[in-house]
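Peer 1: Hey, dropping target_30.tsv in here, TSV, C-alpha atoms (C1' of nucleotides):
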```tsv
chain	number	residue	atom	x	y	z
R	1	MET	CA	0.00	0.00	0.00
R	2	THR	CA	1.33	3.32	-1.09
R	3	ALA	CA	0.22	5.72	1.56
R	4	VAL	CA	1.36	9.30	1.93
R	5	LYS	CA	5.01	9.66	2.91
R	6	SER	CA	5.91	10.07	6.56
R	7	PRO	CA	6.22	13.58	8.03
R	8	ALA	CA	9.99	13.14	8.02
R	9	GLU	CA	10.05	12.22	4.35
R	10	LEU	CA	7.77	15.08	3.43
R	11	THR	CA	9.98	17.44	5.39
R	12	GLU	CA	12.95	16.22	3.40
R	13	LEU	CA	11.03	16.55	0.16
R	14	PHE	CA	9.93	20.11	0.87
R	15	ARG	CA	13.47	21.15	1.64
R	16	GLU	CA	14.72	19.56	-1.57
R	17	GLN	CA	12.19	21.61	-3.49
R	18	GLY	CA	13.41	24.78	-1.81
R	19	LEU	CA	10.22	25.06	0.20
R	20	LYS	CA	10.39	26.03	3.83
R	21	VAL	CA	9.42	23.61	6.52
R	22	THR	CA	7.34	25.50	9.03
R	23	PRO	CA	5.73	24.15	12.20
R	24	GLN	CA	2.34	24.63	10.54
R	25	ARG	CA	3.31	22.46	7.61
R	26	GLN	CA	4.75	19.78	9.85
R	27	CYS	CA	1.52	19.72	11.77
R	28	ILE	CA	-0.39	19.21	8.53
R	29	PHE	CA	2.00	16.42	7.55
R	30	ARG	CA	1.19	14.74	10.84
R	31	ALA	CA	-2.53	15.12	10.30
R	32	LEU	CA	-2.20	13.31	6.98
R	33	ASP	CA	0.10	10.56	8.21
R	34	GLY	CA	-1.79	7.30	8.42
R	35	ASN	CA	-5.06	9.07	7.65
R	36	LEU	CA	-7.35	6.49	6.10
R	37	GLU	CA	-10.31	8.81	5.67
R	38	HIS	CA	-10.74	11.05	2.69
R	39	PRO	CA	-10.28	14.30	4.54
R	40	THR	CA	-11.59	17.63	3.35
R	41	ALA	CA	-9.50	20.74	3.89
R	42	GLU	CA	-11.88	21.55	6.71
R	43	SER	CA	-11.34	18.26	8.51
R	44	ILE	CA	-7.57	18.61	8.28
R	45	TYR	CA	-8.00	22.12	9.60
R	46	ASP	CA	-9.90	20.75	12.60
R	47	ARG	CA	-7.16	18.28	13.41
R	48	VAL	CA	-4.47	20.87	13.00
R	49	THR	CA	-6.09	23.58	15.07
R	50	ALA	CA	-6.60	21.10	17.91
R	51	GLU	CA	-2.84	21.14	18.21
R	52	MET	CA	-2.00	24.63	16.93
R	53	PRO	CA	-5.04	26.85	17.38
R	54	THR	CA	-3.72	29.79	15.40
R	55	VAL	CA	-3.19	28.04	12.07
R	56	SER	CA	-5.41	29.54	9.41
R	57	LEU	CA	-7.59	27.62	7.03
R	58	ARG	CA	-5.78	29.45	4.24
R	59	THR	CA	-2.52	27.78	5.21
R	60	VAL	CA	-4.12	24.35	5.21
R	61	TYR	CA	-5.43	24.86	1.69
R	62	GLN	CA	-2.09	26.20	0.59
R	63	THR	CA	-0.15	23.23	1.90
R	64	LEU	CA	-2.63	20.64	0.64
R	65	ASN	CA	-2.49	22.22	-2.79
R	66	ASP	CA	1.29	22.14	-2.70
R	67	LEU	CA	1.28	18.47	-1.75
R	68	ALA	CA	-1.20	17.68	-4.49
R	69	ALA	CA	0.91	19.55	-7.04
R	70	MET	CA	3.91	17.46	-5.97
R	71	GLY	CA	1.85	14.31	-6.35
R	72	GLU	CA	2.15	13.35	-2.69
R	73	ILE	CA	-1.60	13.29	-2.18
R	74	SER	CA	-4.38	13.36	-4.70
R	75	GLN	CA	-7.28	15.73	-4.88
R	76	ILE	CA	-10.65	14.23	-5.68
R	77	ASP	CA	-14.07	15.72	-6.24
R	78	LEU	CA	-16.86	13.28	-5.55
R	79	GLY	CA	-19.67	15.76	-5.79
R	80	THR	CA	-20.06	16.02	-2.04
R	81	GLY	CA	-19.65	19.77	-2.09
R	82	SER	CA	-15.99	20.06	-1.23
R	83	SER	CA	-12.76	18.59	-2.53
R	84	ARG	CA	-11.22	15.74	-0.67
R	85	PHE	CA	-7.56	15.00	-0.36
R	86	ASP	CA	-6.64	11.37	-0.61
R	87	PRO	CA	-3.41	10.21	1.02
R	88	ASN	CA	-3.86	6.78	-0.58
R	89	LEU	CA	-1.74	6.85	-3.73
R	90	ASP	CA	-2.51	3.32	-4.84
R	91	ASP	CA	-4.49	2.78	-7.99
R	92	HIS	CA	-7.96	2.66	-6.55
R	93	HIS	CA	-11.51	3.89	-6.92
R	94	HIS	CA	-14.31	5.07	-4.66
R	95	LEU	CA	-17.57	4.03	-3.11
R	96	VAL	CA	-19.72	7.00	-2.08
R	97	CYS	CA	-22.82	7.04	0.07
R	98	ASP	CA	-25.50	9.25	-1.51
R	99	SER	CA	-27.06	9.71	1.88
R	100	CYS	CA	-24.26	10.58	4.30
R	101	GLY	CA	-21.36	11.27	1.95
R	102	THR	CA	-19.02	8.71	3.46
R	103	VAL	CA	-16.30	7.53	1.09
R	104	PHE	CA	-14.62	4.14	0.98
R	105	ASP	CA	-11.72	2.99	-1.13
R	106	VAL	CA	-12.14	0.27	-3.70
R	107	PRO	CA	-8.84	-1.32	-4.63
R	108	GLY	CA	-8.22	-2.80	-8.04
R	109	ASP	CA	-6.97	-1.30	-11.25
R	110	PHE	CA	-9.72	-2.27	-13.69
R	111	ALA	CA	-7.05	-2.03	-16.37
R	112	ALA	CA	-9.38	-3.60	-18.88
R	113	ILE	CA	-11.54	-0.51	-18.97
R	114	SER	CA	-10.92	1.88	-21.78
R	115	VAL	CA	-12.80	4.21	-24.06
R	116	PRO	CA	-14.42	2.20	-26.85
R	117	ARG	CA	-12.89	2.63	-30.27
R	118	GLY	CA	-14.52	5.37	-32.24
R	119	HIS	CA	-15.37	7.43	-29.18
R	120	THR	CA	-11.97	8.69	-28.10
R	121	HIS	CA	-12.44	12.08	-29.80
R	122	GLY	CA	-8.66	12.22	-30.16
R	123	PHE	CA	-8.15	12.29	-26.40
R	124	SER	CA	-5.07	10.97	-24.75
R	125	VAL	CA	-6.57	9.52	-21.60
R	126	SER	CA	-4.35	9.73	-18.53
R	127	ARG	CA	-6.65	8.56	-15.75
R	128	THR	CA	-9.79	6.52	-15.36
R	129	GLU	CA	-11.88	7.21	-12.30
R	130	ILE	CA	-14.69	4.98	-11.20
R	131	VAL	CA	-17.25	6.06	-8.62
R	132	PHE	CA	-19.74	3.57	-7.25
R	133	ARG	CA	-22.70	5.36	-5.71
R	134	GLY	CA	-25.25	3.87	-3.40
R	135	VAL	CA	-26.33	3.78	0.19
R	136	CYS	CA	-24.09	2.52	2.98
R	137	ALA	CA	-25.10	-0.08	5.55
R	138	ASP	CA	-25.58	2.48	8.31
R	139	CYS	CA	-27.85	4.72	6.27
R	140	ARG	CA	-29.88	1.78	5.03
R	141	GLU	CA	-30.36	0.70	8.64
R	142	ARG	CA	-31.33	4.19	9.69
R	143	GLY	CA	-33.76	4.62	6.79
R	144	ARG	CA	-35.56	1.39	7.55
R	145	SER	CA	-36.41	2.26	11.15
V	1	MET	CA	-30.79	7.14	-28.01
V	2	THR	CA	-32.78	8.33	-25.03
V	3	ALA	CA	-32.54	12.06	-25.18
V	4	VAL	CA	-34.54	14.51	-23.12
V	5	LYS	CA	-38.22	14.58	-23.95
V	6	SER	CA	-39.54	17.20	-26.35
V	7	PRO	CA	-40.82	20.52	-25.02
V	8	ALA	CA	-44.37	19.34	-25.70
V	9	GLU	CA	-43.88	16.13	-23.73
V	10	LEU	CA	-42.27	17.98	-20.84
V	11	THR	CA	-45.15	20.43	-20.83
V	12	GLU	CA	-47.54	17.51	-20.56
V	13	LEU	CA	-45.48	15.93	-17.82
V	14	PHE	CA	-45.32	19.08	-15.76
V	15	ARG	CA	-49.07	19.51	-15.93
V	16	GLU	CA	-49.57	15.90	-14.87
V	17	GLN	CA	-47.43	16.54	-11.84
V	18	GLY	CA	-49.53	19.57	-10.94
V	19	LEU	CA	-46.70	21.93	-11.84
V	20	LYS	CA	-47.49	25.05	-13.79
V	21	VAL	CA	-46.21	25.50	-17.28
V	22	THR	CA	-44.89	29.01	-17.54
V	23	PRO	CA	-43.28	30.70	-20.53
V	24	GLN	CA	-39.96	30.65	-18.64
V	25	ARG	CA	-40.11	26.92	-18.20
V	26	GLN	CA	-41.06	26.33	-21.80
V	27	CYS	CA	-38.11	28.40	-22.87
V	28	ILE	CA	-35.84	26.24	-20.72
V	29	PHE	CA	-37.38	23.09	-22.23
V	30	ARG	CA	-36.52	24.45	-25.64
V	31	ALA	CA	-32.96	25.20	-24.60
V	32	LEU	CA	-32.54	21.58	-23.55
V	33	ASP	CA	-34.20	20.04	-26.57
V	34	GLY	CA	-31.61	18.42	-28.79
V	35	ASN	CA	-28.81	19.83	-26.68
V	36	LEU	CA	-25.83	17.54	-27.12
V	37	GLU	CA	-23.49	19.50	-24.91
V	38	HIS	CA	-23.32	19.06	-21.17
V	39	PRO	CA	-24.72	22.46	-20.28
V	40	THR	CA	-24.15	24.18	-16.99
V	41	ALA	CA	-26.98	26.17	-15.43
V	42	GLU	CA	-25.15	29.25	-16.60
V	43	SER	CA	-25.03	28.16	-20.22
V	44	ILE	CA	-28.72	27.33	-20.22
V	45	TYR	CA	-29.28	30.73	-18.66
V	46	ASP	CA	-27.40	32.35	-21.52
V	47	ARG	CA	-29.52	30.61	-24.12
V	48	VAL	CA	-32.71	31.44	-22.31
V	49	THR	CA	-31.98	35.10	-21.71
V	50	ALA	CA	-31.15	35.53	-25.40
V	51	GLU	CA	-34.83	34.89	-25.98
V	52	MET	CA	-36.36	36.14	-22.72
V	53	PRO	CA	-33.99	38.67	-21.20
V	54	THR	CA	-35.80	38.97	-17.88
V	55	VAL	CA	-35.57	35.36	-16.76
V	56	SER	CA	-33.52	35.02	-13.62
V	57	LEU	CA	-30.74	32.54	-13.04
V	58	ARG	CA	-32.66	31.42	-9.97
V	59	THR	CA	-35.51	30.23	-12.15
V	60	VAL	CA	-33.17	28.28	-14.38
V	61	TYR	CA	-31.68	26.47	-11.40
V	62	GLN	CA	-35.13	25.79	-10.02
V	63	THR	CA	-36.41	24.28	-13.23
V	64	LEU	CA	-33.30	22.23	-13.90
V	65	ASN	CA	-33.48	20.84	-10.38
V	66	ASP	CA	-37.12	19.97	-10.90
V	67	LEU	CA	-36.31	18.16	-14.12
V	68	ALA	CA	-33.46	16.30	-12.46
V	69	ALA	CA	-35.73	15.28	-9.58
V	70	MET	CA	-38.21	13.92	-12.10
V	71	GLY	CA	-35.42	12.00	-13.81
V	72	GLU	CA	-35.84	13.85	-17.10
V	73	ILE	CA	-32.25	15.03	-17.13
V	74	SER	CA	-29.34	13.97	-14.99
V	75	GLN	CA	-27.10	16.14	-12.93
V	76	ILE	CA	-23.40	15.36	-13.04
V	77	ASP	CA	-20.42	16.79	-11.24
V	78	LEU	CA	-17.19	16.30	-13.12
V	79	GLY	CA	-15.04	18.47	-10.92
V	80	THR	CA	-15.11	21.38	-13.33
V	81	GLY	CA	-16.40	23.78	-10.71
V	82	SER	CA	-20.08	23.73	-11.56
V	83	SER	CA	-22.71	21.03	-12.03
V	84	ARG	CA	-23.66	20.03	-15.50
V	85	PHE	CA	-27.05	18.88	-16.62
V	86	ASP	CA	-27.05	16.02	-19.06
V	87	PRO	CA	-30.06	15.59	-21.34
V	88	ASN	CA	-28.65	12.25	-22.51
V	89	LEU	CA	-30.40	9.61	-20.44
V	90	ASP	CA	-28.71	6.60	-22.01
V	91	ASP	CA	-26.39	4.52	-19.92
V	92	HIS	CA	-23.13	6.25	-20.65
V	93	HIS	CA	-19.97	7.67	-19.17
V	94	HIS	CA	-17.77	10.71	-19.70
V	95	LEU	CA	-14.52	11.84	-21.20
V	96	VAL	CA	-13.28	15.10	-19.67
V	97	CYS	CA	-10.49	17.36	-20.87
V	98	ASP	CA	-8.29	18.43	-17.95
V	99	SER	CA	-7.22	21.45	-19.89
V	100	CYS	CA	-10.36	23.05	-21.32
V	101	GLY	CA	-13.10	21.20	-19.44
V	102	THR	CA	-14.88	19.94	-22.53
V	103	VAL	CA	-16.99	16.84	-21.92
V	104	PHE	CA	-17.77	14.04	-24.34
V	105	ASP	CA	-20.09	11.12	-23.92
V	106	VAL	CA	-18.79	7.58	-23.91
V	107	PRO	CA	-21.49	5.05	-24.67
V	108	GLY	CA	-21.42	1.53	-23.28
V	109	ASP	CA	-22.66	0.06	-20.08
V	110	PHE	CA	-19.53	-1.62	-18.70
V	111	ALA	CA	-21.89	-3.93	-16.85
V	112	ALA	CA	-19.01	-6.18	-15.90
V	113	ILE	CA	-17.68	-3.61	-13.49
V	114	SER	CA	-18.56	-4.05	-9.87
V	115	VAL	CA	-17.09	-3.58	-6.46
V	116	PRO	CA	-14.77	-6.48	-5.69
V	117	ARG	CA	-15.98	-8.94	-3.08
V	118	GLY	CA	-14.88	-7.99	0.41
V	119	HIS	CA	-14.87	-4.28	-0.32
V	120	THR	CA	-18.55	-3.52	-0.56
V	121	HIS	CA	-18.77	-2.24	3.03
V	122	GLY	CA	-22.39	-3.31	3.02
V	123	PHE	CA	-23.28	-0.82	0.31
V	124	SER	CA	-26.12	-1.31	-2.08
V	125	VAL	CA	-24.65	0.24	-5.20
V	126	SER	CA	-27.14	1.94	-7.48
V	127	ARG	CA	-24.94	3.62	-10.05
V	128	THR	CA	-21.44	3.26	-11.43
V	129	GLU	CA	-19.89	6.34	-12.96
V	130	ILE	CA	-16.75	6.24	-15.01
V	131	VAL	CA	-14.80	9.35	-15.87
V	132	PHE	CA	-11.92	9.20	-18.31
V	133	ARG	CA	-9.64	12.19	-17.90
V	134	GLY	CA	-7.05	13.37	-20.31
V	135	VAL	CA	-6.32	16.06	-22.85
V	136	CYS	CA	-8.45	16.58	-25.92
V	137	ALA	CA	-7.12	16.82	-29.46
V	138	ASP	CA	-7.52	20.60	-29.63
V	139	CYS	CA	-5.68	21.27	-26.39
V	140	ARG	CA	-2.88	18.89	-27.33
V	141	GLU	CA	-2.50	20.75	-30.62
V	142	ARG	CA	-2.50	24.08	-28.88
V	143	GLY	CA	-0.01	22.97	-26.25
V	144	ARG	CA	2.45	21.69	-28.83
V	145	SER	CA	2.74	24.95	-30.73
D	1	DT	C1'	-63.87	36.80	-14.61
D	2	DT	C1'	-62.29	35.59	-10.17
D	3	DC	C1'	-59.91	33.01	-6.95
D	4	DT	C1'	-56.32	30.10	-5.25
D	5	DT	C1'	-52.00	28.41	-5.55
D	6	DT	C1'	-47.76	28.34	-7.57
D	7	DC	C1'	-44.07	30.65	-9.66
D	8	DT	C1'	-40.90	34.46	-10.71
D	9	DA	C1'	-37.57	38.13	-9.99
D	10	DA	C1'	-34.59	40.45	-7.22
D	11	DC	C1'	-31.76	40.36	-3.58
D	12	DA	C1'	-29.27	38.57	0.19
D	13	DA	C1'	-26.99	34.76	2.18
D	14	DT	C1'	-24.21	30.65	2.21
D	15	DC	C1'	-20.46	27.52	1.16
D	16	DG	C1'	-15.94	26.21	-0.40
D	17	DT	C1'	-12.02	28.26	-2.05
D	18	DT	C1'	-8.59	31.71	-3.40
D	19	DG	C1'	-6.40	36.64	-3.74
D	20	DC	C1'	-4.29	40.12	-1.16
D	21	DA	C1'	-1.36	42.95	2.27
D	22	DG	C1'	1.16	43.38	5.91
D	23	DA	C1'	3.42	40.99	9.75
D	24	DT	C1'	6.33	37.00	10.69
D	25	DT	C1'	9.91	33.61	10.19
D	26	DA	C1'	12.89	29.67	8.06
D	27	DG	C1'	17.12	28.99	6.40
D	28	DC	C1'	21.00	30.96	4.23
D	29	DG	C1'	25.75	33.11	4.76
D	30	DC	C1'	28.65	35.31	8.04
J	1	DG	C1'	24.44	33.27	17.42
J	2	DC	C1'	23.16	37.36	14.01
J	3	DG	C1'	21.12	39.43	10.56
J	4	DC	C1'	19.26	39.28	5.92
J	5	DT	C1'	15.90	38.13	2.48
J	6	DA	C1'	12.64	35.61	0.32
J	7	DA	C1'	9.12	32.63	1.51
J	8	DT	C1'	5.33	31.94	4.47
J	9	DC	C1'	1.54	32.98	7.69
J	10	DT	C1'	-2.67	35.13	9.19
J	11	DG	C1'	-6.94	37.56	8.74
J	12	DC	C1'	-9.90	39.31	5.80
J	13	DA	C1'	-12.03	40.38	1.55
J	14	DA	C1'	-13.47	38.60	-2.72
J	15	DC	C1'	-15.17	35.18	-5.73
J	16	DG	C1'	-18.16	31.79	-8.26
J	17	DA	C1'	-21.83	28.53	-7.74
J	18	DT	C1'	-25.94	27.72	-5.59
J	19	DT	C1'	-29.93	28.35	-2.50
J	20	DG	C1'	-33.21	30.95	0.90
J	21	DT	C1'	-36.58	34.64	1.19
J	22	DT	C1'	-40.37	37.39	-0.04
J	23	DA	C1'	-43.43	40.46	-2.38
J	24	DG	C1'	-45.65	40.66	-6.51
J	25	DA	C1'	-47.19	38.30	-10.93
J	26	DA	C1'	-49.49	34.93	-13.32
J	27	DA	C1'	-51.21	29.95	-14.46
J	28	DG	C1'	-55.06	27.17	-14.25
J	29	DA	C1'	-59.47	25.72	-12.17
J	30	DA	C1'	-64.21	27.19	-11.05
```
Could you quickly redo this structure as structure tokens?

Peer 2:
Amino acid sequence: MTAVKSPAELTELFREQGLKVTPQRQCIFRALDGNLEHPTAESIYDRVTAEMPTVSLRTVYQTLNDLAAMGEISQIDLGTGSSRFDPNLDDHHHLVCDSCGTVFDVPGDFAAISVPRGHTHGFSVSRTEIVFRGVCADCRERGRS
Amino acid sequence: MTAVKSPAELTELFREQGLKVTPQRQCIFRALDGNLEHPTAESIYDRVTAEMPTVSLRTVYQTLNDLAAMGEISQIDLGTGSSRFDPNLDDHHHLVCDSCGTVFDVPGDFAAISVPRGHTHGFSVSRTEIVFRGVCADCRERGRS
DNA sequence: TTCTTTCTAACAATCGTTGCAGATTAGCGC
DNA sequence: GCGCTAATCTGCAACGATTGTTAGAAAGAA
């Protein structure tokens, strides 16, 4: 499993790129480390401010964007209103609950899937994203009662 | 091909549902009829105001939402910043240009695709959306020069 | 026509995200 | 350690997309 690099590795990487390693950024690195959710900027912000109350939301966005630009996390839009940042760098897809918005990973590369001949419109396709939508067990339970 | 119903059919349908058929709504029906793009609310608004300059954007959103709720068009979010409304009701997927945001349809039902055993998390999956991302012919051309 | 109910237009508000300006600070060379 | 300088941080304003509100207009039934 290719998760996000450790805070130490990210620190190293930032320095290599000539970027400064501030306490705020390190705190964000820590918030991402081992994070198996699909955090929004807001949820990272919550984690970070619990430890460093003065960090601004602006800084969180800035750092997440930087990490995404470097390819250390990926940014996904699942139509839940806000972007999510995915520390899981494996080839994988998503399962989204229409009711509560929860997101689960679906491993597997589905390499066989490609645009049918005659419909490529001259595109060079670089990524294939699959989103399975439905209702999660919890919400189904809740709806039934 | 299952495109959006004709303005006359939608008019009928609205009346059946007890909804009023106003000139504004009819104008929106016309803007959707035979529309092969993946219009945003804004682009429908542009078409509509060309004919009826006083229609408000609010009304366009309202009517498009109503149509989507009735299943007469589908609402898709491809991460381009705003929702798109798709009058194509066939089972199909999308090809999105990362550079200019253009969207093309990709027919085919890819019925074979499903969440691998052991990763369903108890979901009942109702839809599977596939998005192919890449760069379209025009943008590739433009980038090369 | 008249009445009832829905719809529209205009405006304000909200949400997620980014631009900006001035204060702060990491990391360099000394 | 010290100071310098460019990068970064914060707080706030701005922005685009969308929705809430409400008074007035108009569709459709009687």

Peer 1: Take chain R, lay it over chain V with a least-squares fit on all the Cα atoms in order, then hand it over as a short mmCIF file (atom, residue, chain, number, x, y, z; two decimals) with C-alpha atoms, in the frame of the given file.

Peer 2:
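Just written: superposed_37.cif:
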```cif
data_model
loop_
_atom_site.label_atom_id
_atom_site.label_comp_id
_atom_site.auth_asym_id
_atom_site.auth_seq_id
_atom_site.Cartn_x
_atom_site.Cartn_y
_atom_site.Cartn_z
CA MET R 1 -30.80 7.12 -27.96
CA THR R 2 -32.78 8.31 -25.02
CA ALA R 3 -32.54 12.05 -25.14
CA VAL R 4 -34.53 14.47 -23.05
CA LYS R 5 -38.24 14.53 -23.87
CA SER R 6 -39.55 17.12 -26.29
CA PRO R 7 -40.83 20.46 -24.94
CA ALA R 8 -44.37 19.26 -25.62
CA GLU R 9 -43.86 16.07 -23.64
CA LEU R 10 -42.25 17.93 -20.77
CA THR R 11 -45.14 20.37 -20.76
CA GLU R 12 -47.53 17.45 -20.48
CA LEU R 13 -45.44 15.89 -17.74
CA PHE R 14 -45.30 19.07 -15.68
CA ARG R 15 -49.04 19.47 -15.87
CA GLU R 16 -49.56 15.87 -14.80
CA GLN R 17 -47.43 16.54 -11.75
CA GLY R 18 -49.53 19.57 -10.88
CA LEU R 19 -46.70 21.91 -11.81
CA LYS R 20 -47.45 25.05 -13.75
CA VAL R 21 -46.18 25.49 -17.25
CA THR R 22 -44.87 29.01 -17.53
CA PRO R 23 -43.29 30.66 -20.57
CA GLN R 24 -39.97 30.65 -18.70
CA ARG R 25 -40.11 26.91 -18.21
CA GLN R 26 -41.07 26.29 -21.81
CA CYS R 27 -38.12 28.35 -22.90
CA ILE R 28 -35.84 26.21 -20.74
CA PHE R 29 -37.39 23.06 -22.21
CA ARG R 30 -36.52 24.39 -25.64
CA ALA R 31 -32.96 25.15 -24.62
CA LEU R 32 -32.53 21.54 -23.53
CA ASP R 33 -34.21 19.98 -26.54
CA GLY R 34 -31.63 18.35 -28.75
CA ASN R 35 -28.82 19.80 -26.65
CA LEU R 36 -25.84 17.51 -27.09
CA GLU R 37 -23.49 19.49 -24.88
CA HIS R 38 -23.33 19.06 -21.16
CA PRO R 39 -24.73 22.45 -20.28
CA THR R 40 -24.15 24.20 -16.99
CA ALA R 41 -26.97 26.20 -15.44
CA GLU R 42 -25.13 29.27 -16.66
CA SER R 43 -25.03 28.15 -20.28
CA ILE R 44 -28.74 27.33 -20.25
CA TYR R 45 -29.29 30.74 -18.72
CA ASP R 46 -27.41 32.33 -21.63
CA ARG R 47 -29.54 30.56 -24.19
CA VAL R 48 -32.73 31.40 -22.38
CA THR R 49 -32.01 35.07 -21.82
CA ALA R 50 -31.19 35.46 -25.51
CA GLU R 51 -34.86 34.81 -26.08
CA MET R 52 -36.39 36.10 -22.84
CA PRO R 53 -34.02 38.65 -21.32
CA THR R 54 -35.82 38.97 -18.00
CA VAL R 55 -35.59 35.34 -16.88
CA SER R 56 -33.55 35.05 -13.72
CA LEU R 57 -30.76 32.61 -13.12
CA ARG R 58 -32.68 31.50 -10.05
CA THR R 59 -35.52 30.26 -12.22
CA VAL R 60 -33.16 28.30 -14.43
CA TYR R 61 -31.68 26.52 -11.43
CA GLN R 62 -35.12 25.88 -10.05
CA THR R 63 -36.41 24.30 -13.24
CA LEU R 64 -33.27 22.25 -13.88
CA ASN R 65 -33.46 20.92 -10.35
CA ASP R 66 -37.10 20.03 -10.85
CA LEU R 67 -36.30 18.19 -14.07
CA ALA R 68 -33.45 16.35 -12.40
CA ALA R 69 -35.70 15.35 -9.50
CA MET R 70 -38.20 13.96 -12.01
CA GLY R 71 -35.42 12.04 -13.71
CA GLU R 72 -35.82 13.85 -17.02
CA ILE R 73 -32.24 15.05 -17.05
CA SER R 74 -29.33 14.01 -14.92
CA GLN R 75 -27.08 16.19 -12.86
CA ILE R 76 -23.38 15.41 -12.98
CA ASP R 77 -20.38 16.85 -11.20
CA LEU R 78 -17.17 16.33 -13.10
CA GLY R 79 -15.02 18.52 -10.93
CA THR R 80 -15.07 21.38 -13.40
CA GLY R 81 -16.36 23.81 -10.81
CA SER R 82 -20.05 23.73 -11.59
CA SER R 83 -22.69 21.07 -12.01
CA ARG R 84 -23.67 20.04 -15.46
CA PHE R 85 -27.06 18.89 -16.57
CA ASP R 86 -27.06 16.02 -18.99
CA PRO R 87 -30.05 15.59 -21.28
CA ASN R 88 -28.64 12.25 -22.47
CA LEU R 89 -30.41 9.62 -20.38
CA ASP R 90 -28.71 6.63 -21.95
CA ASP R 91 -26.37 4.55 -19.87
CA HIS R 92 -23.13 6.29 -20.63
CA HIS R 93 -19.96 7.71 -19.16
CA HIS R 94 -17.75 10.74 -19.67
CA LEU R 95 -14.50 11.88 -21.17
CA VAL R 96 -13.23 15.13 -19.64
CA CYS R 97 -10.45 17.38 -20.84
CA ASP R 98 -8.24 18.43 -17.91
CA SER R 99 -7.17 21.46 -19.86
CA CYS R 100 -10.31 23.06 -21.27
CA GLY R 101 -13.05 21.22 -19.40
CA THR R 102 -14.84 19.96 -22.49
CA VAL R 103 -16.96 16.87 -21.89
CA PHE R 104 -17.76 14.09 -24.32
CA ASP R 105 -20.09 11.16 -23.90
CA VAL R 106 -18.79 7.62 -23.90
CA PRO R 107 -21.51 5.11 -24.67
CA GLY R 108 -21.43 1.60 -23.31
CA ASP R 109 -22.69 0.10 -20.11
CA PHE R 110 -19.57 -1.60 -18.75
CA ALA R 111 -21.95 -3.92 -16.94
CA ALA R 112 -19.08 -6.18 -15.99
CA ILE R 113 -17.73 -3.62 -13.58
CA SER R 114 -18.63 -4.09 -9.98
CA VAL R 115 -17.15 -3.63 -6.54
CA PRO R 116 -14.84 -6.55 -5.77
CA ARG R 117 -16.10 -8.98 -3.18
CA GLY R 118 -14.99 -8.09 0.28
CA HIS R 119 -14.96 -4.37 -0.40
CA THR R 120 -18.65 -3.57 -0.64
CA HIS R 121 -18.84 -2.32 2.97
CA GLY R 122 -22.49 -3.38 2.94
CA PHE R 123 -23.36 -0.85 0.25
CA SER R 124 -26.18 -1.33 -2.16
CA VAL R 125 -24.68 0.21 -5.26
CA SER R 126 -27.17 1.96 -7.54
CA ARG R 127 -24.93 3.63 -10.10
CA THR R 128 -21.45 3.25 -11.47
CA GLU R 129 -19.88 6.34 -12.98
CA ILE R 130 -16.74 6.25 -15.02
CA VAL R 131 -14.77 9.38 -15.86
CA PHE R 132 -11.90 9.22 -18.31
CA ARG R 133 -9.61 12.21 -17.88
CA GLY R 134 -7.01 13.39 -20.30
CA VAL R 135 -6.29 16.07 -22.82
CA CYS R 136 -8.42 16.62 -25.92
CA ALA R 137 -7.06 16.86 -29.45
CA ASP R 138 -7.48 20.63 -29.61
CA CYS R 139 -5.62 21.28 -26.37
CA ARG R 140 -2.84 18.90 -27.31
CA GLU R 141 -2.46 20.78 -30.59
CA ARG R 142 -2.46 24.12 -28.83
CA GLY R 143 0.06 22.98 -26.21
CA ARG R 144 2.50 21.73 -28.81
CA SER R 145 2.77 25.02 -30.70
#
```

Peer 1: Between CA of Arg25 (chain V) and CA of Asp77 (chain V), what distance in Å does the model show, to one decimal?

Peer 2: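 Pair CA of Arg25 (chain V) / CA of Asp77 (chain V) returns 23.2 Å.
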
Peer 1: Hey, list the chain V side of the contact with chain R: 7 Å cut-off, all atoms listed in the file, answer as a ChimeraX atom specification.

Peer 2: /V:77,79,106,115,119,122-137

Peer 1: Tell me as a ChimeraX atom specification which residues belonging to chain V come within 12 Å of chain J, counting all atoms listed in the file.

Peer 2: /V:15,18-24,40-42,57-62,65,80-84

Peer 1: For a quick test of understanding: name the residues of chain D lying within 9 Å of chain V when counting all atoms listed in the file, and present them as a PDB file with C-alpha atoms (C1' of nucleotides), in the frame of the given file.

Peer 2:
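Saved file out-v2.pdb follows:
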```pdb
ATOM      1  C1'  DT D   6     -47.760  28.340  -7.570  1.00  0.00           C
ATOM      2  C1'  DC D   7     -44.070  30.650  -9.660  1.00  0.00           C
ATOM      3  C1'  DT D   8     -40.900  34.460 -10.710  1.00  0.00           C
ATOM      4  C1'  DA D   9     -37.570  38.130  -9.990  1.00  0.00           C
ATOM      5  C1'  DA D  10     -34.590  40.450  -7.220  1.00  0.00           C
TER       6       DA D  10
END
```

Peer 1: One decimal, in Å: what's the spacing between CA of Ile73 (chain R) and CA of Asp86 (chain R)?

Peer 2: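 So the answer is 5.6 Å.
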
Peer 1: By how many Å are CA of Pro39 (chain R) and CA of Ala68 (chain R) apart?

Peer 2: 13.2 Å
